[in-house]
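Everything below belongs to query-v5.cif, which stores mmCIF, C-alpha atoms.
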```cif
data_protein
#
loop_
_atom_site.label_atom_id
_atom_site.label_comp_id
_atom_site.auth_asym_id
_atom_site.auth_seq_id
_atom_site.Cartn_x
_atom_site.Cartn_y
_atom_site.Cartn_z
CA MET A 159 0.00 0.00 0.00
CA ILE A 160 1.33 3.45 -0.91
CA SER A 161 1.68 5.67 2.14
CA LYS A 162 0.67 9.32 2.37
CA LYS A 163 4.32 10.23 2.96
CA LEU A 164 5.31 8.63 -0.34
CA ILE A 165 2.46 10.40 -2.13
CA ARG A 166 3.73 13.74 -0.81
CA THR A 167 7.38 13.02 -1.70
CA ASP A 168 8.84 14.83 -4.69
CA LEU A 169 11.06 12.42 -6.63
CA ASN A 170 13.25 15.34 -7.70
CA LEU A 171 14.31 15.74 -4.08
CA LEU A 172 15.88 12.28 -4.13
CA VAL A 173 17.69 13.06 -7.37
CA ALA A 174 19.06 16.25 -5.82
CA LEU A 175 20.15 14.35 -2.72
CA GLN A 176 22.03 11.80 -4.83
CA ILE A 177 23.88 14.56 -6.69
CA LEU A 178 24.72 16.31 -3.40
CA LEU A 179 26.06 13.04 -2.02
CA GLU A 180 28.24 12.58 -5.08
CA GLU A 181 29.54 16.14 -5.30
CA ARG A 182 29.71 17.16 -1.62
CA ASN A 183 29.63 20.70 -2.99
CA VAL A 184 26.57 22.93 -3.53
CA THR A 185 28.06 24.85 -6.47
CA ARG A 186 28.98 21.74 -8.48
CA ALA A 187 25.71 20.01 -7.58
CA ALA A 188 23.71 23.04 -8.73
CA GLU A 189 25.58 23.04 -12.04
CA ARG A 190 24.81 19.37 -12.64
CA LEU A 191 21.14 19.88 -11.75
CA ALA A 192 20.97 23.03 -13.90
CA VAL A 193 19.53 25.10 -11.05
CA SER A 194 20.74 28.13 -9.12
CA GLN A 195 22.55 27.77 -5.80
CA PRO A 196 19.71 29.48 -3.87
CA ALA A 197 17.22 27.05 -5.46
CA LEU A 198 19.36 24.08 -4.45
CA SER A 199 19.70 25.47 -0.93
CA LYS A 200 15.89 25.52 -0.69
CA THR A 201 15.81 21.94 -1.99
CA LEU A 202 18.32 20.93 0.66
CA GLN A 203 16.11 22.46 3.36
CA LYS A 204 13.13 20.45 2.03
CA LEU A 205 15.28 17.32 2.22
CA ARG A 206 16.23 18.12 5.81
CA ASP A 207 12.57 18.57 6.69
CA ALA A 208 11.56 15.36 4.93
CA PHE A 209 14.22 13.22 6.59
CA GLU A 210 14.23 15.15 9.88
CA ASP A 211 18.01 15.30 9.72
CA GLU A 212 20.60 17.92 8.82
CA LEU A 213 22.00 15.50 6.16
CA PHE A 214 25.08 17.67 5.55
CA THR A 215 27.39 19.88 7.56
CA ARG A 216 29.14 22.74 5.77
CA THR A 217 32.92 22.86 6.18
CA ALA A 218 35.77 24.68 4.48
CA HIS A 219 36.28 21.57 2.33
CA GLY A 220 32.64 21.19 1.26
CA LEU A 221 29.64 19.28 2.55
CA VAL A 222 30.16 16.45 5.04
CA PRO A 223 27.29 13.90 5.17
CA THR A 224 25.71 13.03 8.49
CA PRO A 225 25.40 9.34 9.49
CA ARG A 226 21.80 9.41 8.21
CA ALA A 227 22.96 10.75 4.84
CA GLU A 228 25.61 8.03 4.68
CA GLU A 229 22.86 5.43 5.19
CA LEU A 230 20.82 6.99 2.39
CA ALA A 231 23.90 6.94 0.13
CA LEU A 232 23.82 3.14 0.30
CA GLU A 233 20.18 2.88 -0.74
CA LEU A 234 19.61 5.73 -3.19
CA PRO A 235 21.57 4.42 -6.21
CA ARG A 236 19.58 1.18 -6.32
CA LEU A 237 16.32 3.05 -5.83
CA LEU A 238 17.03 5.56 -8.59
CA GLU A 239 18.20 2.81 -10.95
CA THR A 240 14.85 1.06 -10.44
CA VAL A 241 12.98 4.28 -11.16
CA GLU A 242 15.04 4.82 -14.33
CA ARG A 243 14.20 1.31 -15.47
CA VAL A 244 10.48 1.92 -14.89
CA LEU A 245 10.43 5.33 -16.59
CA GLY A 246 12.39 4.69 -19.74
CA ASP A 247 14.64 2.63 -21.98
CA ALA A 248 11.97 0.00 -22.69
CA ASP A 249 12.08 0.78 -26.40
CA PHE A 250 15.84 1.13 -26.65
CA ASP A 251 17.11 0.42 -30.15
CA PRO A 252 20.85 0.85 -30.92
CA ALA A 253 20.09 1.53 -34.59
CA THR A 254 18.12 4.68 -33.72
CA TYR A 255 19.70 5.62 -30.40
CA SER A 256 21.56 8.93 -30.37
CA GLY A 257 23.94 9.44 -27.48
CA THR A 258 27.52 9.82 -26.32
CA PHE A 259 29.61 7.47 -24.21
CA LYS A 260 32.76 8.70 -22.50
CA LEU A 261 35.55 6.18 -21.92
CA LEU A 262 38.80 6.38 -19.99
CA LEU A 263 41.41 3.91 -21.29
CA PRO A 264 45.16 3.38 -20.95
CA PRO A 265 46.99 3.99 -24.26
CA ILE A 266 47.66 0.28 -24.87
CA LEU A 267 44.01 -0.64 -24.53
CA CYS A 268 42.82 2.40 -26.47
CA GLU A 269 44.76 1.31 -29.55
CA ALA A 270 43.56 -2.24 -29.19
CA LEU A 271 39.87 -1.61 -28.52
CA LEU A 272 38.75 1.36 -30.59
CA PRO A 273 39.21 0.17 -34.22
CA GLY A 274 36.92 -2.83 -33.81
CA LEU A 275 34.44 -1.03 -31.57
CA ILE A 276 33.99 1.98 -33.82
CA ALA A 277 33.76 -0.23 -36.91
CA GLU A 278 30.83 -2.10 -35.36
CA LEU A 279 29.13 1.10 -34.18
CA TYR A 280 29.47 2.51 -37.70
CA VAL A 281 27.17 -0.28 -38.90
CA SER A 282 24.88 -1.03 -35.94
CA ALA A 283 24.58 2.32 -34.15
CA PRO A 284 25.57 5.16 -36.50
CA ASN A 285 24.25 7.90 -34.19
CA VAL A 286 26.40 6.90 -31.23
CA GLN A 287 29.47 8.96 -30.44
CA VAL A 288 32.40 7.69 -28.37
CA ILE A 289 34.74 10.05 -26.56
CA ALA A 290 37.89 8.25 -25.43
CA ALA A 291 40.52 9.82 -23.21
CA GLU A 292 43.55 8.55 -21.32
CA ILE A 293 42.94 7.12 -17.87
CA THR A 294 43.45 9.60 -15.04
CA PRO A 295 44.20 9.06 -11.32
CA ASP A 296 40.71 10.27 -10.34
CA TYR A 297 38.84 7.94 -12.71
CA GLN A 298 36.69 6.49 -9.91
CA GLU A 299 35.57 9.95 -8.85
CA MET A 300 34.77 10.76 -12.47
CA LEU A 301 32.64 7.61 -12.68
CA LYS A 302 30.84 8.60 -9.48
CA LYS A 303 30.11 12.08 -10.77
CA GLY A 304 28.87 10.83 -14.12
CA GLU A 305 31.65 12.63 -15.99
CA VAL A 306 32.60 9.36 -17.70
CA ASP A 307 30.61 6.20 -18.37
CA PHE A 308 33.28 3.49 -18.39
CA ALA A 309 36.92 3.14 -17.40
CA ALA A 310 39.31 0.27 -18.04
CA PHE A 311 42.20 -0.14 -15.64
CA VAL A 312 43.69 -2.46 -13.04
CA ALA A 313 41.11 -2.78 -10.28
CA LEU A 314 43.52 -2.96 -7.35
CA GLU A 315 40.95 -1.38 -5.05
CA THR A 316 37.53 0.00 -5.99
CA CYS A 317 34.93 2.03 -4.13
CA ARG A 318 31.81 0.15 -3.09
CA ASP A 319 29.65 1.81 -5.75
CA ILE A 320 32.06 1.02 -8.59
CA HIS A 321 31.49 -2.28 -10.37
CA ALA A 322 34.61 -3.89 -11.85
CA GLU A 323 34.20 -6.63 -14.47
CA PRO A 324 37.40 -8.58 -15.16
CA ILE A 325 38.64 -8.69 -18.75
CA THR A 326 39.72 -12.09 -20.06
CA THR A 327 43.33 -12.48 -21.13
CA LEU A 328 45.35 -15.03 -23.07
CA ALA A 329 48.67 -16.60 -22.20
CA PRO A 330 51.76 -14.44 -22.91
CA ARG A 331 54.07 -14.95 -25.89
CA CYS A 332 57.46 -13.61 -26.85
CA TYR A 333 57.37 -11.15 -29.78
CA MET A 334 60.23 -10.25 -32.12
CA ARG A 335 60.83 -8.95 -35.65
CA ARG A 336 60.10 -11.50 -38.35
CA ASP A 337 63.77 -11.97 -39.29
CA HIS A 338 65.03 -12.11 -35.71
CA PRO A 339 67.80 -14.69 -35.04
CA LEU A 340 65.35 -16.58 -32.77
CA ALA A 341 62.46 -16.51 -35.24
CA GLU A 342 63.46 -19.71 -37.04
CA LYS A 343 64.93 -21.47 -34.03
CA GLY A 344 63.09 -24.40 -32.44
CA ALA A 345 62.08 -23.98 -28.83
CA ILE A 346 63.48 -20.82 -27.24
CA GLY A 347 65.55 -21.54 -24.14
CA LEU A 348 65.66 -19.33 -21.08
CA GLN A 349 69.23 -18.26 -21.85
CA ASP A 350 68.20 -17.34 -25.40
CA PHE A 351 65.44 -15.25 -23.87
CA LEU A 352 67.87 -13.49 -21.52
CA ASP A 353 70.59 -12.92 -24.12
CA TYR A 354 68.61 -10.21 -25.93
CA PRO A 355 67.40 -6.79 -24.69
CA HIS A 356 63.71 -6.50 -23.86
CA LEU A 357 60.95 -3.94 -24.23
CA ARG A 358 58.47 -3.59 -21.41
CA LEU A 359 54.95 -2.24 -21.75
CA TYR A 360 53.33 -0.75 -18.69
CA LEU A 361 50.32 1.19 -17.53
CA PRO A 362 51.00 4.70 -16.22
CA ARG A 363 50.34 5.56 -12.59
CA LEU A 364 50.78 2.02 -11.31
CA THR A 365 53.38 1.43 -8.65
CA ARG A 366 56.58 -0.37 -9.57
CA GLU A 367 55.36 -3.45 -7.72
CA ASN A 368 52.45 -3.83 -10.14
CA THR A 369 54.26 -3.48 -13.45
CA SER A 370 55.62 -6.85 -14.55
CA MET A 371 54.87 -10.40 -13.55
CA VAL A 372 57.74 -11.72 -15.67
CA ASP A 373 60.34 -9.61 -13.86
CA ASP A 374 58.77 -10.45 -10.50
CA VAL A 375 59.01 -14.18 -11.22
CA LEU A 376 62.54 -14.00 -12.64
CA GLY A 377 63.65 -11.94 -9.66
CA GLN A 378 62.42 -14.59 -7.24
CA TYR A 379 64.74 -17.03 -9.03
CA GLY A 380 67.64 -14.57 -8.94
CA VAL A 381 67.49 -14.00 -12.70
CA HIS A 382 67.14 -10.66 -14.47
CA ARG A 383 66.66 -9.47 -18.03
CA THR A 384 67.92 -6.28 -19.66
CA ILE A 385 65.19 -3.70 -20.30
CA ALA A 386 66.09 -1.38 -23.19
CA LEU A 387 62.79 0.50 -23.33
CA GLU A 388 59.71 0.95 -21.17
CA THR A 389 56.68 2.50 -22.84
CA THR A 390 52.90 2.74 -22.63
CA GLN A 391 52.59 2.70 -26.43
CA PHE A 392 52.34 -0.65 -28.18
CA ALA A 393 52.79 0.85 -31.65
CA SER A 394 56.07 2.43 -30.54
CA ALA A 395 57.23 -0.89 -29.13
CA VAL A 396 56.44 -2.63 -32.43
CA GLY A 397 58.47 0.00 -34.27
CA VAL A 398 61.46 -0.71 -32.04
CA LEU A 399 61.02 -4.47 -32.41
CA ALA A 400 61.03 -4.13 -36.19
CA ARG A 401 64.39 -2.32 -36.18
CA THR A 402 66.29 -4.13 -33.41
CA ASP A 403 66.86 -7.58 -31.96
CA SER A 404 64.79 -6.69 -28.90
CA LEU A 405 62.10 -8.99 -27.52
CA LEU A 406 58.69 -8.16 -26.08
CA VAL A 407 56.52 -10.30 -23.81
CA ALA A 408 52.83 -9.62 -24.42
CA ASN A 409 49.58 -11.55 -24.47
CA ALA A 410 49.11 -14.00 -27.29
CA GLY A 411 47.25 -13.07 -30.42
CA PHE A 412 48.57 -9.70 -31.50
CA GLU A 413 49.83 -11.23 -34.75
CA ALA A 414 46.35 -12.67 -35.40
CA SER A 415 44.91 -9.17 -35.73
CA GLY A 416 46.97 -8.59 -38.87
CA LEU A 417 47.85 -5.05 -37.79
CA TYR A 418 51.52 -5.89 -37.35
CA SER A 419 51.79 -9.24 -39.13
CA GLU A 420 54.37 -7.95 -41.61
CA LEU A 421 56.62 -6.65 -38.85
CA ILE A 422 56.57 -9.04 -35.90
CA THR A 423 55.98 -12.66 -35.03
CA GLY A 424 55.19 -14.39 -31.74
CA ARG A 425 56.81 -17.46 -30.18
CA GLU A 426 56.09 -19.44 -27.03
CA LEU A 427 57.89 -18.38 -23.89
CA PRO A 428 60.76 -20.67 -22.83
CA MET A 429 59.38 -23.78 -21.14
CA GLU A 430 61.55 -23.09 -18.11
CA LEU A 431 60.05 -19.62 -17.74
CA GLN A 432 56.54 -21.04 -18.13
CA ARG A 433 57.23 -23.47 -15.29
CA MET A 434 58.63 -20.66 -13.17
CA ILE A 435 55.46 -18.61 -13.72
CA ARG A 436 53.22 -21.56 -12.83
CA ASN A 437 55.18 -22.44 -9.70
CA THR A 438 55.82 -18.96 -8.37
CA HIS A 439 53.45 -16.85 -6.39
CA SER A 440 53.47 -13.36 -7.84
CA SER A 441 51.82 -10.39 -6.19
CA ASN A 442 51.87 -8.56 -9.51
CA ARG A 443 48.84 -10.19 -11.11
CA GLY A 444 46.68 -7.09 -11.14
CA LYS A 445 43.51 -7.74 -13.13
CA MET A 446 42.47 -5.36 -15.85
CA SER A 447 38.75 -4.66 -15.48
CA LEU A 448 36.01 -2.66 -17.13
CA MET A 449 34.56 -0.36 -14.48
CA ARG A 450 31.30 1.51 -14.26
CA HIS A 451 29.19 3.17 -11.57
CA THR A 452 26.28 1.17 -10.16
CA ARG A 453 23.85 3.91 -11.21
CA THR A 454 24.14 2.76 -14.83
CA SER A 455 23.29 -0.86 -14.06
CA ARG A 456 19.67 -0.44 -15.11
CA SER A 457 20.28 1.88 -18.04
CA ALA A 458 19.55 0.05 -21.29
CA PRO A 459 22.01 2.13 -23.37
CA HIS A 460 24.77 1.63 -20.82
CA GLN A 461 24.12 -2.08 -20.54
CA TRP A 462 24.19 -2.38 -24.32
CA MET A 463 27.48 -0.50 -24.49
CA ARG A 464 28.90 -2.57 -21.63
CA GLY A 465 28.12 -5.72 -23.58
CA LEU A 466 29.70 -4.29 -26.71
CA LEU A 467 32.85 -3.25 -24.85
CA MET A 468 33.22 -6.64 -23.20
CA LYS A 469 32.66 -8.35 -26.55
CA HIS A 470 35.58 -6.48 -28.10
CA LEU A 471 37.70 -6.84 -24.98
CA ASN A 472 37.08 -10.57 -24.57
CA GLY A 473 36.28 -11.81 -28.09
CA PRO A 474 38.60 -14.50 -29.50
CA GLY A 475 41.15 -13.10 -31.90
CA GLU A 476 40.52 -9.50 -30.95
CA VAL A 477 43.54 -7.33 -30.35
CA ALA A 478 41.92 -5.75 -27.31
CA GLU A 479 41.67 -9.07 -25.50
CA ASN A 480 45.37 -9.51 -25.75
CA ALA A 481 46.17 -6.00 -24.57
CA ALA A 482 44.16 -6.41 -21.41
CA GLN A 483 47.05 -7.38 -19.13
CA LEU A 484 50.17 -6.31 -20.96
CA HIS A 485 51.39 -4.52 -17.88
CA ALA A 486 51.10 -7.66 -15.77
CA ILE A 487 53.13 -9.97 -17.95
CA SER A 488 55.41 -7.78 -20.07
#
```
Exercise: express the given structure as structure tokens:
Amino acid sequence: MISKKLIRTDLNLLVALQILLEERNVTRAAERLAVSQPALSKTLQKLRDAFEDELFTRTAHGLVPTPRAEELALELPRLLETVERVLGDADFDPATYSGTFKLLLPPILCEALLPGLIAELYVSAPNVQVIAAEITPDYQEMLKKGEVDFAAFVALETCRDIHAEPITTLAPRCYMRRDHPLAEKGAIGLQDFLDYPHLRLYLPRLTRENTSMVDDVLGQYGVHRTIALETTQFASAVGVLARTDSLLVANAGFEASGLYSELITGRELPMELQRMIRNTHSSNRGKMSLMRHTRTSRSAPHQWMRGLLMKHLNGPGEVAENAAQLHAIS
């Protein structure tokens, strides 16, 4: 049975409360709600009256939620997602949908994901725009504030309202130029592997301890390789491979994409190194994940885009799948 209190409740008040909880700042919240600060202040007073609680305390650093507001912060996203599902998106059709999705991606993944994704959108959803930018340290805050829709990065630790979906990866291989001295050799031995300089791909803003599983494993056996170049750019690494005898450890399948098939070839890692990886505990196995805020869980466009992103990140033979954990194994 619907209570009188619910009948008298203005749904817009709950939307305003959610934005205030996310921003913790009246000025920014007013901008997002497209209202004036005095109008939002009146809304805040209505919220205080409705919940019989101050909800926020003003400080020099912004609004600080009361314990009651913190409790509401746990319930509101699910409630508003349900309302969104009831009010709209029932007739969602990618072919006619017009909208923009903002993505934050590390450079390696950006190069791997976007060609296939945009090619599919060109055919199935021509009115959809994608804005892709490099991952930033505050990506979780940007997801919370709705400034971006998705972010792909290593989910070492996520806030409770950020959902992280692991991206599948393939086993690593050793890449080299097509006419490399090791290219025509049988099985590559560990000493062969160590005799040549290496390139290492990494994700920016990760600590040194989370950059390379291979070096972590080798180090635990007292073995080290020579790193000639560290870079976030796979295309740059390929260019160096093509002109030197350097080696690169990266996930299997890059050659299958055909993008670099005329320049590089992949071989299996030395069996000894494979055994070392299997038998050694490594703390550097950070998992690349696709992250989104829980508020989008019931949004049909966002769920459609999530599925499309995961398809291109996880699909067999896709370049993006094999870029997903370059930092962890290179």
Counting only C-alpha atoms, give me one row per residue of range 376-395 of chain A with an atom at most 12 Å from an atom of range 256-272 of chain A, showing the shortest contact pair and its distance in Å to one decimal, sorted by chain then residue number, as a tab-separated table.
```
residue	atom	partner	partner_atom	distance
A:Thr389	CA	A:Ile266	CA	9.5
A:Thr390	CA	A:Ile266	CA	6.2
A:Gln391	CA	A:Ile266	CA	5.7
A:Phe392	CA	A:Ile266	CA	5.8
A:Ala393	CA	A:Glu269	CA	8.3
A:Ser394	CA	A:Ile266	CA	10.4
A:Ala395	CA	A:Ile266	CA	10.5
```
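Within 12 Å of Asn285 in chain A, once all atoms listed in the file are used and residues closer than 3 positions along the same chain are dropped, the contacting residues are Asp251, Pro252, Ala253, Thr254, Tyr255, Ser256, Gly257, Thr258, Phe259, Ile276, Leu279, Tyr280, Val281, Ser282 and Val288 of chain A.
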Do you know which residues are at most 10 Å from Arg226 in chain A counting all atoms listed in the file, after dropping those on the same chain fewer than 6 positions away, and could you put them as a list in words? Phe209, Glu210, Asp211, Glu212, Leu213 and Phe214 of chain A
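Using only C-alpha atoms, the shortest contact distance between Gln349 in chain A and any of A:Gly220, A:Glu430, A:Thr185, A:Val372 is found at A:Glu430.
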What do you get, as a PyMOL selection string, if you spell out every residue that the PyMOL selection byres ((chain A and resi 178) around 10) selects here? chain A and resi 172-177+179-188+190-191+198+202+213-214+221+223
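Comparing the minimum interatomic distances between Thr423 in chain A and each of A:Lys200, A:Thr438, A:Pro339, A:Leu314, counting only C-alpha atoms, we find that A:Pro339 sits nearest.
Distances to Asp319 in chain A were evaluated for A:Ala458, A:Val286, A:Leu301, A:Leu399 using all atoms listed in the file, and the minimum falls at A:Leu301.
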Considering only C-alpha atoms, can you say which of A:Ile320, A:Thr215, A:Ile346, A:Met449 comes closest to Lys302 in chain A? A:Ile320
Quick check on the file I pasted: which residues fall under the PyMOL selection byres ((chain A and resi 456) around 6)? Write them as a CSV table (one decimal) with C-alpha atoms, in the coordinates of the input.
```
chain,number,residue,atom,x,y,z
A,239,GLU,CA,18.2,2.8,-11.0
A,243,ARG,CA,14.2,1.3,-15.5
A,454,THR,CA,24.1,2.8,-14.8
A,455,SER,CA,23.3,-0.9,-14.1
A,457,SER,CA,20.3,1.9,-18.0
```
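Minimum atom-to-atom distance to Phe250 in chain A, evaluated using all atoms listed in the file, belongs to A:Gln461 out of A:Thr326, A:Gln461, A:Thr201, A:Thr294.
Minimum atom-to-atom distance to Leu361 in chain A, evaluated using only C-alpha atoms, belongs to A:Glu388 out of A:Glu388, A:Glu323, A:Glu299, A:Glu233.
Across the model, the gap from CA of Lys469 in chain A to CA of Met300 in chain A is 23.8 Å.
Here CA of Glu292 in chain A and CA of Leu471 in chain A stand 16.9 Å from one another.
The interatomic distance for the pair CA of Leu421 in chain A and CA of Leu340 in chain A works out to 14.6 Å.
For Ile325 in chain A, the residues within 7 Å (counting all atoms listed in the file, excluding itself and residues fewer than 3 positions away along the chain) are Met446, Ser447, Leu448, Leu471, Asn472 and Ala482 of chain A.
For the point (66.4, -18.4, -8.9), the residues with an atom at a distance of at most 12 Å are Asp373, Asp374, Val375, Leu376, Gly377, Gln378, Tyr379, Gly380, Val381, His382, Glu430, Leu431, Met434, Ile435, Asn437 and Thr438 of chain A, counting all atoms listed in the file.
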